[in-house]
Structure formats: structure tokens, C-alpha cells
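**Q** Contents of start.txt (compact mmCIF, C-alpha atoms) are below:
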# COMPACT_ATOMS: atom_id res chain seq x y z
CA MET A 1 -31.98 6.26 4.87
CA PRO A 2 -28.31 7.29 4.45
CA GLU A 3 -26.46 8.12 7.61
CA THR A 4 -25.78 11.74 8.50
CA LEU A 5 -22.28 13.13 8.89
CA ASP A 6 -22.77 13.13 12.66
CA GLU A 7 -23.69 9.45 12.63
CA THR A 8 -20.70 8.64 10.43
CA PHE A 9 -18.42 10.49 12.85
CA VAL A 10 -19.90 8.49 15.74
CA ARG A 11 -18.88 5.35 13.90
CA LEU A 12 -15.38 6.74 13.35
CA ARG A 13 -15.07 7.46 17.07
CA ALA A 14 -16.29 3.94 17.85
CA LEU A 15 -13.42 2.49 15.79
CA ASP A 16 -10.72 4.65 17.38
CA GLY A 17 -7.99 2.55 18.97
CA LYS A 18 -9.53 -0.75 17.89
CA ARG A 19 -8.22 -3.46 15.66
CA VAL A 20 -10.01 -3.26 12.32
CA TRP A 21 -10.07 -5.24 9.08
CA VAL A 22 -9.94 -3.56 5.68
CA ALA A 23 -10.78 -4.66 2.15
CA LEU A 24 -9.02 -2.72 -0.62
CA LEU A 25 -10.62 -2.91 -4.05
CA ARG A 26 -8.64 -1.15 -6.79
CA SER A 27 -10.22 -2.04 -10.10
CA LYS A 28 -11.49 -0.32 -13.23
CA ASP A 29 -14.94 -1.94 -12.96
CA ALA A 30 -15.03 -2.24 -9.13
CA ARG A 31 -14.88 -6.01 -9.42
CA GLY A 32 -12.35 -8.63 -8.54
CA ALA A 33 -10.79 -9.94 -5.35
CA PRO A 34 -10.08 -7.29 -2.67
CA VAL A 35 -6.83 -7.14 -0.75
CA TYR A 36 -7.48 -7.88 2.93
CA LEU A 37 -5.40 -6.32 5.70
CA SER A 38 -5.75 -5.75 9.43
CA GLY A 39 -4.43 -3.00 11.68
CA THR A 40 -5.23 -0.46 14.38
CA PHE A 41 -7.57 2.46 13.70
CA ARG A 42 -6.24 5.82 14.89
CA LEU A 43 -8.70 8.66 14.49
CA PHE A 44 -6.42 11.50 15.61
CA ASP A 45 -2.93 10.27 14.92
CA ARG A 46 0.26 12.34 14.93
CA PRO A 47 2.82 10.39 12.89
CA SER A 48 5.52 12.95 13.71
CA ALA A 49 6.01 15.68 16.27
CA GLY A 50 4.35 18.93 15.30
CA ALA A 51 2.38 17.38 12.45
CA ASN A 52 -1.33 17.98 12.11
CA PRO A 53 -3.29 14.98 13.39
CA GLY A 54 -4.58 12.65 10.71
CA THR A 55 -6.65 9.49 10.56
CA ARG A 56 -4.78 6.30 9.74
CA ILE A 57 -4.97 2.55 10.03
CA VAL A 58 -1.54 1.31 11.04
CA ASP A 59 0.25 -2.03 11.13
CA ALA A 60 2.01 -3.56 14.14
CA ASN A 61 5.00 -1.23 13.55
CA GLY A 62 2.88 1.93 13.41
CA LEU A 63 3.20 2.27 9.63
CA SER A 64 0.24 3.32 7.51
CA LEU A 65 -1.91 0.67 5.92
CA VAL A 66 -4.55 3.27 5.10
CA THR A 67 -4.21 7.06 5.22
CA PHE A 68 -7.39 9.15 5.20
CA ARG A 69 -7.76 12.65 3.78
CA GLY A 70 -10.30 15.34 4.50
CA SER A 71 -11.53 15.15 0.91
CA ASP A 72 -12.25 11.42 1.10
CA MET A 73 -15.88 10.42 0.65
CA LEU A 74 -17.01 8.50 3.73
CA SER A 75 -20.20 6.48 4.01
CA VAL A 76 -21.58 3.49 5.86
CA VAL A 77 -22.57 0.50 3.72
CA ASP A 78 -24.02 -2.64 5.34
CA GLY A 79 -22.66 -1.47 8.67
CA ASN A 80 -19.11 -1.03 7.33
CA LEU A 81 -17.27 2.24 6.94
CA ARG A 82 -16.54 2.82 3.24
CA VAL A 83 -13.91 5.23 1.95
CA ALA A 84 -14.16 6.10 -1.75
CA LEU A 85 -10.79 7.35 -2.99
CA ARG A 86 -12.19 7.45 -6.54
CA PRO A 87 -14.65 5.39 -8.60
CA THR A 88 -11.93 2.79 -9.21
CA PHE A 89 -10.63 2.49 -5.63
CA ARG A 90 -12.64 1.93 -2.50
CA ILE A 91 -11.78 0.78 1.01
CA ASP A 92 -14.21 -0.98 3.37
CA VAL A 93 -13.42 -0.96 7.09
CA ARG A 94 -15.04 -3.08 9.79
CA ASP A 95 -14.33 -4.13 13.37
CA ALA A 96 -14.50 -7.86 12.63
CA PRO A 97 -12.88 -10.09 10.01
CA PHE A 98 -14.47 -10.19 6.58
CA PRO A 99 -16.07 -13.47 5.52
CA ALA A 100 -13.51 -15.92 4.20
CA PRO A 101 -13.01 -15.23 0.48
CA GLY A 102 -13.73 -17.89 -2.09
CA GLU A 103 -11.00 -19.71 -3.91
CA ALA A 104 -8.70 -17.17 -5.57
CA ALA A 105 -6.43 -17.49 -8.57
CA PRO A 106 -2.92 -18.77 -7.74
CA LEU A 107 -0.41 -16.14 -6.73
CA ASP A 108 1.90 -15.01 -9.50
CA PHE A 109 3.93 -11.88 -10.30
CA GLU A 110 1.00 -9.99 -11.86
CA ARG A 111 -1.40 -10.68 -9.00
CA THR A 112 1.26 -9.96 -6.37
CA THR A 113 2.14 -6.57 -7.87
CA ARG A 114 -1.54 -5.60 -8.26
CA GLU A 115 -2.17 -6.38 -4.61
CA LEU A 116 0.94 -4.51 -3.52
CA VAL A 117 -0.07 -1.43 -5.54
CA ALA A 118 -3.44 -1.31 -3.73
CA GLU A 119 -1.76 -1.74 -0.34
CA LEU A 120 0.90 0.91 -0.89
CA GLU A 121 -1.39 3.48 -2.51
CA ALA A 122 -3.85 3.14 0.36
CA GLY A 123 -1.05 3.89 2.81
CA PHE A 124 1.08 6.46 0.99
CA ARG A 125 -1.61 7.97 -1.23
CA SER A 126 -0.25 10.50 -3.78
CA ALA A 127 3.26 10.34 -2.28
CA LEU A 128 3.66 6.97 -3.99
CA ILE A 129 5.40 7.02 -7.38
CA LEU A 130 4.76 3.91 -9.44
CA ARG A 131 6.17 2.62 -12.72
CA PRO A 132 4.54 0.96 -14.43
CA ASP A 133 1.03 0.50 -13.03
CA PRO A 134 -0.05 -3.17 -13.33
CA GLU A 135 -3.64 -1.94 -13.75
CA PRO A 136 -3.36 1.55 -15.30
CA ASP A 137 -7.10 1.87 -15.98
CA ALA A 138 -7.70 1.86 -12.21
CA SER A 139 -5.16 4.59 -11.47
CA ALA A 140 -5.74 8.17 -10.40
CA ARG A 141 -4.03 9.28 -13.62
CA ALA A 142 -6.62 7.44 -15.71
CA GLN A 143 -9.42 9.15 -13.78
CA ARG A 144 -7.94 12.50 -14.79
CA GLY A 145 -7.40 11.45 -18.40
CA ILE A 146 -3.61 11.48 -18.02
CA PRO A 147 -1.64 8.75 -19.84
CA PRO A 148 0.30 6.27 -17.69
CA VAL A 149 3.91 7.05 -16.79
CA GLU A 150 4.99 3.85 -18.55
CA ASP A 151 3.16 2.41 -21.55
CA GLY A 152 3.19 -1.32 -20.92
CA PRO A 153 5.62 -3.42 -18.86
CA LEU A 154 9.29 -2.55 -18.49
CA VAL A 155 11.83 -4.63 -20.42
CA ASP A 156 12.70 -6.71 -17.33
CA ARG A 157 9.04 -6.87 -16.22
CA SER A 158 9.97 -5.09 -13.00
CA VAL A 159 7.60 -2.88 -11.01
CA ARG A 160 9.14 0.05 -9.15
CA PHE A 161 7.80 2.00 -6.19
CA ALA A 162 9.22 5.21 -4.76
CA VAL A 163 8.43 7.65 -1.96
CA GLY A 164 10.76 10.58 -1.64
CA HIS A 165 14.36 9.35 -1.94
CA ALA A 166 13.54 5.69 -1.25
CA SER A 167 12.68 3.19 -3.96
CA ALA A 168 11.82 -0.50 -4.04
CA THR A 169 11.89 -2.65 -7.18
CA LEU A 170 10.22 -6.03 -7.67
CA ARG A 171 11.49 -8.41 -10.32
CA PRO A 172 10.09 -11.84 -11.14
CA GLU A 173 12.32 -14.81 -10.36
CA GLY A 174 11.07 -17.53 -12.64
CA THR A 175 7.56 -18.71 -11.83
CA GLU A 176 8.16 -19.27 -8.13
CA GLY A 177 8.64 -15.82 -6.63
CA VAL A 178 10.05 -12.30 -6.73
CA ARG A 179 13.22 -10.48 -5.76
CA LEU A 180 13.15 -7.15 -3.93
CA THR A 181 15.84 -4.50 -4.44
CA CYS A 182 15.78 -1.31 -2.35
CA ILE A 183 17.73 1.89 -2.93
CA GLY A 184 17.92 4.92 -0.67
CA SER A 185 19.79 8.10 -1.51
CA SER A 186 21.38 10.33 1.10
CA VAL A 187 23.82 13.21 1.43
CA ARG A 188 26.93 12.61 3.53
CA ALA A 189 29.79 15.07 3.87
CA GLY A 190 28.27 17.13 1.08
CA LYS A 191 28.15 14.21 -1.37
CA GLN A 192 25.17 12.33 -2.77
CA PHE A 193 25.16 8.57 -2.20
CA ALA A 194 22.83 5.87 -3.47
CA ASP A 195 22.82 2.97 -1.02
CA LEU A 196 21.62 -0.50 -1.93
CA PHE A 197 19.68 -2.35 0.78
CA GLU A 198 18.19 -5.79 1.11
CA PRO A 199 15.94 -7.23 3.83
CA ALA A 200 17.78 -9.00 6.62
CA ALA A 201 15.67 -12.10 5.95
CA GLY A 202 16.77 -12.06 2.31
CA PRO A 203 15.50 -10.45 -0.89
CA HIS A 204 13.61 -13.50 -2.21
CA TYR A 205 9.87 -14.02 -1.68
CA ALA A 206 7.91 -17.06 -2.79
CA PHE A 207 4.42 -16.83 -4.22
CA ALA A 208 2.91 -17.92 -0.92
CA PRO A 209 0.49 -15.94 1.29
CA ASP A 210 2.92 -15.52 4.21
CA ASP A 211 5.74 -14.38 1.94
CA VAL A 212 3.50 -11.88 0.14
CA VAL A 213 2.44 -10.44 3.50
CA ARG A 214 6.12 -10.12 4.48
CA LEU A 215 6.89 -8.50 1.14
CA GLY A 216 4.24 -5.81 1.68
CA ALA A 217 5.50 -5.13 5.20
CA ASP A 218 9.13 -4.87 4.03
CA VAL A 219 8.35 -2.49 1.17
CA ARG A 220 6.15 -0.35 3.41
CA ALA A 221 8.91 -0.17 6.03
CA PHE A 222 11.63 0.76 3.54
CA LEU A 223 9.54 3.46 1.85
CA SER A 224 8.83 4.84 5.35
CA ASN A 225 12.60 5.07 5.98
CA ARG A 226 12.56 2.29 8.56
CA ARG A 227 15.86 0.56 7.90
CA GLU A 228 16.22 -1.59 11.06
CA GLY A 229 15.21 -4.73 9.18
CA PHE A 230 17.60 -4.09 6.27
CA ARG A 231 21.31 -4.31 5.69
CA ALA A 232 23.27 -1.95 3.46
CA TYR A 233 24.79 -3.81 0.54
CA SER A 234 26.86 -1.10 -1.12
CA ALA A 235 27.17 2.65 -1.53
CA SER A 236 28.14 4.80 -4.50
CA MET A 237 28.34 8.45 -5.40
Translate this file's structure into C-alpha cells.
**A**
Amino acid sequence: MPETLDETFVRLRALDGKRVWVALLRSKDARGAPVYLSGTFRLFDRPSAGANPGTRIVDANGLSLVTFRGSDMLSVVDGNLRVALRPTFRIDVRDAPFPAPGEAAPLDFERTTRELVAELEAGFRSALILRPDPEPDASARAQRGIPPVEDGPLVDRSVRFAVGHASATLRPEGTEGVRLTCIGSSVRAGKQFADLFEPAAGPHYAFAPDDVVRLGADVRAFLSNRREGFRAYSASM
């Protein structure tokens, strides 16, 4: 029998404050390799003073890996909490690691950007602006019958993410990795400035698991206006 709302809430309370593991599956046909992440479950979290409490799964820096909404469809499947954002995007949450995945395709620019889209959309939800979408048929726009913002890849094959006045752009660097460029706009002395930033550890990321994890953390931090791990490169009006 399906669990009642009360039983589902009991499971939510049981996860509160614990380390959890998540599997993000963003795919048109609900198939493919999920993106696996781990963080801390916060049932009643206040990300800023005075804000209404929300439910989030956060990384080691307190930044959202997954943000829940009241309209999200919650259920329990095989003992795991499942969050259905839409038919093409679901998130499974459990309090133990998922079984080790089988052999996956080698990392490349396309796979890296697809995984990053799932990670960032799960955390930022509709605040995330994306162009283009590496898998447009799995997007929220496609579910509403709205054409993609960009039809096909950009000329330089870049993928660009933005939240508010912060943007992060990924560009392929040959077949070995990607380069990250971050731009944040601000108003100083009544003038608008666009500041270029790059991660303190450098803007280059190899197609290796550890580097891809670092890339996701850096983009998430910059789009959350956490600039401690970045250095300003230039500023212009």
C-alpha cells in the first residue's frame, strides 16, 4: 500500500540533520545514468534571516544541492524518498550510499554539462537561467510546450548558467577538459560594473571525476554569490 502523507512526513523528520545521498535523473524517458551527490538534509532551513523556512539538502558550505517546494510530489519508493519535479526529472534521497553504478561512458563536454544542469536545477530550481539546454526535451519548458531558449548549440559550443546578476560559462578546451568563466555585475558609486572572476584554483577542469565535482561546487558557489574562492580578473562599465 502507498504510504500516507503522515508516514511520508515521519520519514522526512527522520532524515532531518542527517547526511543523505541523492540520485538526480533528468531525462526525457526517465532513463540513463543519474547524477549522485551527498549532503546534509535540513527539513526546516532558513537560508537567510527573516526568510520562510524551507527544506533543502546542502553541501559542506551550506549551499543548496536540492531545494524542495511545497508543490513537489513526494513519495516513498523502495524505502527511498522520491521527489518528482516533473515527469522528466526525479530525485531519490536515502540515508545510505546508493549501490555503486555500473561502468559509465567516459566523461566529455556533453556528459559534463548534462550532469551540471541536473545538479544546478535541483539546487536553484526556476531561478536558474540556462542557454542552451544540453537535453532540451527534459526541460521544464518542454513540459509546458515552450520552445527552448536556444535552438541547438551556441557557435562556440559553450553552455551558460545564470542566477540573478551572476553568470557562469563553460567552454570546451579540446577533448581533455573545460574552462569556466564567471561574470558578476554590481553597482558601485552609481555605475554598473561587470566583473570577471575566475576560481582561485584556476579556470581549467579536466574530464576527471574529482575535477567535475570541483566544477559543480565552484559554479554553485559563484551563482550563490560566494566569492571567497574566486579572484576578480577585471572590471568594466
**Q** For Pro134 in chain A, which residue out of A:Val212, A:Val159, A:Ala122, A:Ala189 is the nearest one, using all atoms listed in the file?
**A**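 Between A:Val212, A:Val159, A:Ala122, A:Ala189, the residue approaching Pro134 in chain A most closely is A:Val159.
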**Q** Give the padded box for range 131-135 of chain A as lines of an AutoDock Vina configuration file: axis-aligned, covering all atoms listed in the file, 6 Å on each side, centre and edge lengths in Å to one decimal.
**A**
center_x = 1.3
center_y = -0.3
center_z = -13.6
size_x = 21.8
size_y = 17.8
size_z = 13.7
**Q** Ranking A:Asp16, A:Asp151, A:Asp92, A:Asp133 by minimum distance to Glu121 in chain A and counting only C-alpha atoms, which one comes first?
**A** A:Asp133
**Q** Counting all atoms listed in the file, which residue out of A:Arg56, A:Lys28, A:Arg160, A:Arg125 sits closest to Gln143 in chain A?
**A**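 Between A:Arg56, A:Lys28, A:Arg160, A:Arg125, the residue approaching Gln143 in chain A most closely is A:Lys28.
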**Q** Any idea what the distance is between CA of Asp95 in chain A and CA of Leu215 in chain A?
**A**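 Straight-line distance from CA of Asp95 in chain A to CA of Leu215 in chain A works out to 24.9 Å.
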**Q** Using all atoms listed in the file, can you tell me which of A:Ser27, A:Thr67, A:Ser126, A:Thr169 comes closest to Ala138 in chain A?
**A** A:Ser27
**Q** For Glu150 in chain A, which of A:Leu130, A:Ala166, A:Leu12, A:Val20 is the closest residue, counting all atoms listed in the file?
**A**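 Closest residue, counting all atoms listed in the file: A:Leu130.
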**Q** Quick one: distance from CA of Phe41 in chain A to CA of Pro53 in chain A in Å, one decimal?
**A** 13.2 Å
**Q** Find, counting only C-alpha atoms, the residue in A:Val219, A:Val10, A:Ala127, A:Leu65 that gets nearest to Gly39 in chain A.
**A**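 Using only C-alpha atoms, the shortest distance to Gly39 in chain A belongs to A:Leu65.
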**Q** Compile the contact shell of Gly184 in chain A as an mmCIF file with C-alpha atoms, keeping the file's coordinate frame: residues with an atom at most 6 Å away, counting all atoms listed in the file, same-chain residues fewer than 5 positions apart removed.
**A**
data_model
loop_
_atom_site.group_PDB
_atom_site.id
_atom_site.type_symbol
_atom_site.label_atom_id
_atom_site.label_comp_id
_atom_site.auth_asym_id
_atom_site.auth_seq_id
_atom_site.Cartn_x
_atom_site.Cartn_y
_atom_site.Cartn_z
ATOM 1 C CA HIS A 165 14.360 9.350 -1.940
ATOM 2 C CA ALA A 166 13.540 5.690 -1.250
ATOM 3 C CA ALA A 194 22.830 5.870 -3.470
ATOM 4 C CA ASP A 195 22.820 2.970 -1.020
#
**Q** Would you compute the distance between CA of Thr181 in chain A and CA of Glu198 in chain A? Give it in Å to one decimal.
**A**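 We find that CA of Thr181 in chain A and CA of Glu198 in chain A lie 6.2 Å from each other.
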**Q** I'd like the neighbourhood of Arg227 in chain A as a PyMOL selection string, where a residue qualifies if any of its atoms comes within 10 Å (using only C-alpha atoms), though same-chain residues fewer than 2 positions away should be ignored.
**A** chain A and resi 184+197-200+218+221-225+229-232
**Q** With C-alpha atoms retained, write the just-selected residues as a PDB file, in the frame of the given file.
**A**
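File written: part_12.pdb
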ATOM      1  CA  GLY A 184      17.920   4.920  -0.670  1.00  0.00           C
ATOM      2  CA  PHE A 197      19.680  -2.350   0.780  1.00  0.00           C
ATOM      3  CA  GLU A 198      18.190  -5.790   1.110  1.00  0.00           C
ATOM      4  CA  PRO A 199      15.940  -7.230   3.830  1.00  0.00           C
ATOM      5  CA  ALA A 200      17.780  -9.000   6.620  1.00  0.00           C
ATOM      6  CA  ASP A 218       9.130  -4.870   4.030  1.00  0.00           C
ATOM      7  CA  ALA A 221       8.910  -0.170   6.030  1.00  0.00           C
ATOM      8  CA  PHE A 222      11.630   0.760   3.540  1.00  0.00           C
ATOM      9  CA  LEU A 223       9.540   3.460   1.850  1.00  0.00           C
ATOM     10  CA  SER A 224       8.830   4.840   5.350  1.00  0.00           C
ATOM     11  CA  ASN A 225      12.600   5.070   5.980  1.00  0.00           C
ATOM     12  CA  GLY A 229      15.210  -4.730   9.180  1.00  0.00           C
ATOM     13  CA  PHE A 230      17.600  -4.090   6.270  1.00  0.00           C
ATOM     14  CA  ARG A 231      21.310  -4.310   5.690  1.00  0.00           C
ATOM     15  CA  ALA A 232      23.270  -1.950   3.460  1.00  0.00           C
TER      16      ALA A 232
END
**Q** Near Pro34 in chain A, counting all atoms listed in the file, which residues have an atom at most 6 Å away, once you skip same-chain residues fewer than 2 positions from it, shown as a ChimeraX atom specification?
**A** /A:23-25
